[in-house]
Amino acid sequence: KGIAFITFYDIRDSIRAKKEMQDRVIGERPIDIHYSEETNAKEKNHATLFVYLKGVSSSVNDDQIKSVFSKYGSVRAFRNHRTSKSVKFIEYFDIRNAQRALEELHRTELGGGTIEVEFSQHSSRTNDNHEKDRRHQQQQQRHYNQQYQNQQQDQQQQQDQQ
């Protein structure tokens, strides 16, 4: 028996690890890999930055903003706020890049205004694709639990027969 929790800085590494290690056998047992959900997403960031463009000229376009933030690492997603053109969400693959961008870009000048940066309370990693992954993982967990229960029942029956 055993459970291990592994944290990755870069989501691409976690995806690659799952792909390469799922069902590998260690000590005669297959590895079953699942992504865990944060119990309190507000306490844990997901490499997504909330960016407020305070007084930034409307001539500054999304490509220019992406370029500024891309200097700190590969950007996984760039989204505009539903109702405000001055709010952007920028998600990095690697949480360390998000941290560095926050530290170096918060309250800096852009297009005659100021960039305000903080970690987002909501992550685009919890979007529809992640939700599908989560549902798939839950199905797998239910299947695993059922197999385990069946194994336990079989063992109990064998013991009862002896």
# chains A, B, ... in the order shown; residues from 1 in each chain; ligands from 1
call {"tool": "select_by_dssp", "arguments": {"residues": "region 3-139 of chain A", "states": "strand (DSSP E)", "output": "MDAnalysis selection string"}}
result
chainID A and resid 25:26 29:30 48:54 75:80 87:92 108:110 113:119
call {"tool": "residues_around", "arguments": {"residues": "Lys88 (chain A)", "least_positions_apart": "4", "cutoff": "6 Å", "atoms": "only C-alpha atoms", "output": "list in words"}}
result
Val51, Arg79, Asn80 and His81 of chain A
call {"tool": "write_last_selection", "arguments": {"atoms": "N, CA, C and O atoms", "output": "short mmCIF file (atom, residue, chain, number, x, y, z; two decimals), in the first residue's frame"}}
result
data_model
loop_
_atom_site.label_atom_id
_atom_site.label_comp_id
_atom_site.auth_asym_id
_atom_site.auth_seq_id
_atom_site.Cartn_x
_atom_site.Cartn_y
_atom_site.Cartn_z
N VAL A 51 -4.60 40.87 -13.92
CA VAL A 51 -3.88 42.06 -14.35
C VAL A 51 -4.88 43.18 -14.61
O VAL A 51 -5.81 43.04 -15.40
N ARG A 79 -6.54 35.65 -21.28
CA ARG A 79 -7.97 35.88 -21.42
C ARG A 79 -8.32 37.31 -21.03
O ARG A 79 -7.72 37.87 -20.13
N ASN A 80 -9.29 37.84 -21.71
CA ASN A 80 -9.85 39.13 -21.35
C ASN A 80 -11.00 38.91 -20.39
O ASN A 80 -11.69 37.90 -20.44
N HIS A 81 -11.20 39.88 -19.52
CA HIS A 81 -12.34 39.84 -18.62
C HIS A 81 -13.62 39.99 -19.44
O HIS A 81 -13.62 40.64 -20.48
#
call {"tool": "residues_around", "arguments": {"residues": "Tyr72 (chain A)", "least_positions_apart": "6", "cutoff": "12 Å", "atoms": "only C-alpha atoms", "output": "ChimeraX atom specification"}}
result
/A:66,90-105
call {"tool": "write_last_selection", "arguments": {"atoms": "N, CA and C atoms", "output": "mmCIF file, in the first residue's frame"}}
result
data_model
loop_
_atom_site.group_PDB
_atom_site.id
_atom_site.type_symbol
_atom_site.label_atom_id
_atom_site.label_comp_id
_atom_site.auth_asym_id
_atom_site.auth_seq_id
_atom_site.Cartn_x
_atom_site.Cartn_y
_atom_site.Cartn_z
ATOM 1 N N LYS A 66 0.645 40.677 -24.063
ATOM 2 C CA LYS A 66 1.177 39.300 -24.061
ATOM 3 C C LYS A 66 2.693 39.319 -24.167
ATOM 4 N N ILE A 90 -3.753 36.175 -17.065
ATOM 5 C CA ILE A 90 -2.603 35.585 -17.743
ATOM 6 C C ILE A 90 -2.150 34.384 -16.934
ATOM 7 N N GLU A 91 -2.150 33.228 -17.585
ATOM 8 C CA GLU A 91 -1.755 32.000 -16.906
ATOM 9 C C GLU A 91 -0.463 31.469 -17.512
ATOM 10 N N TYR A 92 0.465 31.166 -16.644
ATOM 11 C CA TYR A 92 1.742 30.586 -17.052
ATOM 12 C C TYR A 92 1.700 29.071 -16.874
ATOM 13 N N PHE A 93 2.538 28.379 -17.617
ATOM 14 C CA PHE A 93 2.697 26.948 -17.404
ATOM 15 C C PHE A 93 3.405 26.702 -16.077
ATOM 16 N N ASP A 94 4.370 27.550 -15.763
ATOM 17 C CA ASP A 94 5.217 27.366 -14.588
ATOM 18 C C ASP A 94 4.892 28.440 -13.555
ATOM 19 N N ILE A 95 4.539 28.023 -12.371
ATOM 20 C CA ILE A 95 4.143 28.934 -11.305
ATOM 21 C C ILE A 95 5.268 29.913 -10.940
ATOM 22 N N ARG A 96 6.515 29.474 -11.101
ATOM 23 C CA ARG A 96 7.640 30.360 -10.774
ATOM 24 C C ARG A 96 7.702 31.544 -11.724
ATOM 25 N N ASN A 97 7.313 31.337 -12.976
ATOM 26 C CA ASN A 97 7.292 32.440 -13.941
ATOM 27 C C ASN A 97 6.208 33.449 -13.581
ATOM 28 N N ALA A 98 5.076 32.944 -13.117
ATOM 29 C CA ALA A 98 3.997 33.840 -12.689
ATOM 30 C C ALA A 98 4.462 34.679 -11.503
ATOM 31 N N GLN A 99 5.138 34.051 -10.565
ATOM 32 C CA GLN A 99 5.637 34.758 -9.382
ATOM 33 C C GLN A 99 6.613 35.860 -9.785
ATOM 34 N N ARG A 100 7.518 35.534 -10.693
ATOM 35 C CA ARG A 100 8.512 36.513 -11.139
ATOM 36 C C ARG A 100 7.847 37.679 -11.882
ATOM 37 N N ALA A 101 6.872 37.367 -12.745
ATOM 38 C CA ALA A 101 6.156 38.422 -13.471
ATOM 39 C C ALA A 101 5.422 39.337 -12.495
ATOM 40 N N LEU A 102 4.788 38.750 -11.505
ATOM 41 C CA LEU A 102 4.089 39.545 -10.500
ATOM 42 C C LEU A 102 5.071 40.488 -9.788
ATOM 43 N N GLU A 103 6.184 39.937 -9.336
ATOM 44 C CA GLU A 103 7.159 40.736 -8.590
ATOM 45 C C GLU A 103 7.758 41.859 -9.434
ATOM 46 N N GLU A 104 7.992 41.599 -10.704
ATOM 47 C CA GLU A 104 8.680 42.587 -11.531
ATOM 48 C C GLU A 104 7.751 43.538 -12.287
ATOM 49 N N LEU A 105 6.488 43.156 -12.478
ATOM 50 C CA LEU A 105 5.596 44.000 -13.270
ATOM 51 C C LEU A 105 4.565 44.767 -12.446
#
call {"tool": "atom_distance", "arguments": {"atom1": "CA of Val75 (chain A)", "atom2": "CA of Phe5 (chain A)"}}
result
25.6 Å
call {"tool": "atom_distance", "arguments": {"atom1": "CA of Arg29 (chain A)", "atom2": "CA of Arg16 (chain A)"}}
result
20.5 Å
call {"tool": "atom_distance", "arguments": {"atom1": "CA of Ile115 (chain A)", "atom2": "CA of Arg82 (chain A)"}}
result
18.7 Å
call {"tool": "select_by_dssp", "arguments": {"residues": "region 7-134 of chain A", "states": "helix (DSSP H, G or I)", "output": "ChimeraX atom specification"}}
result
/A:11-21,62-70,95-105,124-126,128-134
call {"tool": "residues_around", "arguments": {"residues": "Ser57 (chain A)", "least_positions_apart": "4", "cutoff": "7 Å", "atoms": "only C-alpha atoms", "output": "ChimeraX atom specification"}}
result
/A:111-113
call {"tool": "residues_around", "arguments": {"residues": "Gln22 (chain A)", "least_positions_apart": "4", "cutoff": "7 Å", "atoms": "only C-alpha atoms", "output": "list of chain:residue names"}}
result
A:Lys18, A:Ile31, A:Asp32, A:Ile33
call {"tool": "write_last_selection", "arguments": {"atoms": "N, CA, C and O atoms", "output": "mmCIF file, in the first residue's frame"}}
result
data_model
loop_
_atom_site.group_PDB
_atom_site.id
_atom_site.type_symbol
_atom_site.label_atom_id
_atom_site.label_comp_id
_atom_site.auth_asym_id
_atom_site.auth_seq_id
_atom_site.Cartn_x
_atom_site.Cartn_y
_atom_site.Cartn_z
ATOM 1 N N LYS A 18 2.281 12.063 -15.765
ATOM 2 C CA LYS A 18 1.094 11.202 -15.759
ATOM 3 C C LYS A 18 1.080 10.319 -16.994
ATOM 4 O O LYS A 18 0.822 9.117 -16.912
ATOM 5 N N ILE A 31 0.915 1.712 -11.004
ATOM 6 C CA ILE A 31 0.759 3.073 -10.496
ATOM 7 C C ILE A 31 -0.532 3.649 -11.065
ATOM 8 O O ILE A 31 -0.779 3.566 -12.258
ATOM 9 N N ASP A 32 -1.338 4.232 -10.204
ATOM 10 C CA ASP A 32 -2.581 4.871 -10.614
ATOM 11 C C ASP A 32 -2.458 6.349 -10.257
ATOM 12 O O ASP A 32 -2.428 6.710 -9.084
ATOM 13 N N ILE A 33 -2.390 7.189 -11.265
ATOM 14 C CA ILE A 33 -2.098 8.613 -11.059
ATOM 15 C C ILE A 33 -3.366 9.442 -11.233
ATOM 16 O O ILE A 33 -4.124 9.252 -12.177
#
call {"tool": "closest_residue", "arguments": {"among": "A:Phe119, A:Tyr35, A:Phe89, A:Phe8", "to": "Leu53 (chain A)", "atoms": "only C-alpha atoms"}}
result
A:Phe89
call {"tool": "decode", "arguments": {"residues": "region 31-112 of chain A", "atoms": "C-alpha atoms", "output": "compact mmCIF listing (two decimals), in the first residue's frame"}}
result
# COMPACT_ATOMS: atom_id res chain seq x y z
CA ILE A 31 0.76 3.07 -10.50
CA ASP A 32 -2.58 4.87 -10.61
CA ILE A 33 -2.10 8.61 -11.06
CA HIS A 34 -4.70 11.30 -10.34
CA TYR A 35 -4.59 15.06 -10.20
CA SER A 36 -5.64 16.34 -6.81
CA GLU A 37 -7.99 19.24 -6.27
CA GLU A 38 -7.12 22.03 -3.91
CA THR A 39 -9.34 22.07 -0.85
CA ASN A 40 -9.22 25.85 -0.71
CA ALA A 41 -8.38 27.35 -4.09
CA LYS A 42 -8.15 30.85 -2.60
CA GLU A 43 -5.09 29.86 -0.59
CA LYS A 44 -3.26 28.28 -3.49
CA ASN A 45 -2.59 30.03 -6.76
CA HIS A 46 -2.47 28.23 -10.05
CA ALA A 47 0.02 30.39 -11.95
CA THR A 48 -2.79 32.68 -13.10
CA LEU A 49 -2.37 36.40 -12.72
CA PHE A 50 -5.10 39.01 -12.45
CA VAL A 51 -3.88 42.06 -14.35
CA TYR A 52 -5.53 45.47 -14.08
CA LEU A 53 -4.45 48.09 -16.63
CA LYS A 54 -5.01 51.30 -14.68
CA GLY A 55 -5.12 54.28 -17.04
CA VAL A 56 -3.28 52.40 -19.80
CA SER A 57 -3.88 53.86 -23.26
CA SER A 58 -6.42 52.07 -25.42
CA SER A 59 -3.76 52.01 -28.14
CA VAL A 60 -1.97 49.26 -26.17
CA ASN A 61 -3.30 46.02 -27.65
CA ASP A 62 -3.46 42.44 -26.35
CA ASP A 63 -0.41 41.36 -28.38
CA GLN A 64 1.69 44.04 -26.70
CA ILE A 65 0.47 42.97 -23.26
CA LYS A 66 1.18 39.30 -24.06
CA SER A 67 4.65 40.30 -25.20
CA VAL A 68 5.38 42.06 -21.90
CA PHE A 69 4.28 39.05 -19.85
CA SER A 70 5.91 36.48 -22.15
CA LYS A 71 9.32 37.83 -21.17
CA TYR A 72 8.89 35.97 -17.87
CA GLY A 73 8.06 32.55 -19.33
CA SER A 74 5.71 30.60 -21.57
CA VAL A 75 2.14 31.81 -21.27
CA ARG A 76 -0.41 29.00 -21.23
CA ALA A 77 -3.51 31.19 -21.57
CA PHE A 78 -4.38 34.85 -22.05
CA ARG A 79 -7.97 35.88 -21.42
CA ASN A 80 -9.85 39.13 -21.35
CA HIS A 81 -12.34 39.84 -18.62
CA ARG A 82 -15.97 39.43 -19.73
CA THR A 83 -16.96 43.03 -19.05
CA SER A 84 -13.80 45.10 -18.59
CA LYS A 85 -11.21 45.75 -21.29
CA SER A 86 -8.75 46.88 -18.63
CA VAL A 87 -8.69 43.47 -16.87
CA LYS A 88 -6.74 40.47 -18.18
CA PHE A 89 -6.01 36.99 -16.89
CA ILE A 90 -2.60 35.58 -17.74
CA GLU A 91 -1.76 32.00 -16.91
CA TYR A 92 1.74 30.59 -17.05
CA PHE A 93 2.70 26.95 -17.40
CA ASP A 94 5.22 27.37 -14.59
CA ILE A 95 4.14 28.93 -11.30
CA ARG A 96 7.64 30.36 -10.77
CA ASN A 97 7.29 32.44 -13.94
CA ALA A 98 4.00 33.84 -12.69
CA GLN A 99 5.64 34.76 -9.38
CA ARG A 100 8.51 36.51 -11.14
CA ALA A 101 6.16 38.42 -13.47
CA LEU A 102 4.09 39.55 -10.50
CA GLU A 103 7.16 40.74 -8.59
CA GLU A 104 8.68 42.59 -11.53
CA LEU A 105 5.60 44.00 -13.27
CA HIS A 106 3.32 45.04 -10.39
CA ARG A 107 2.91 48.84 -10.41
CA THR A 108 5.06 49.36 -13.50
CA GLU A 109 4.29 51.82 -16.29
CA LEU A 110 2.72 50.80 -19.59
CA GLY A 111 1.15 53.05 -22.21
CA GLY A 112 0.83 56.07 -19.92
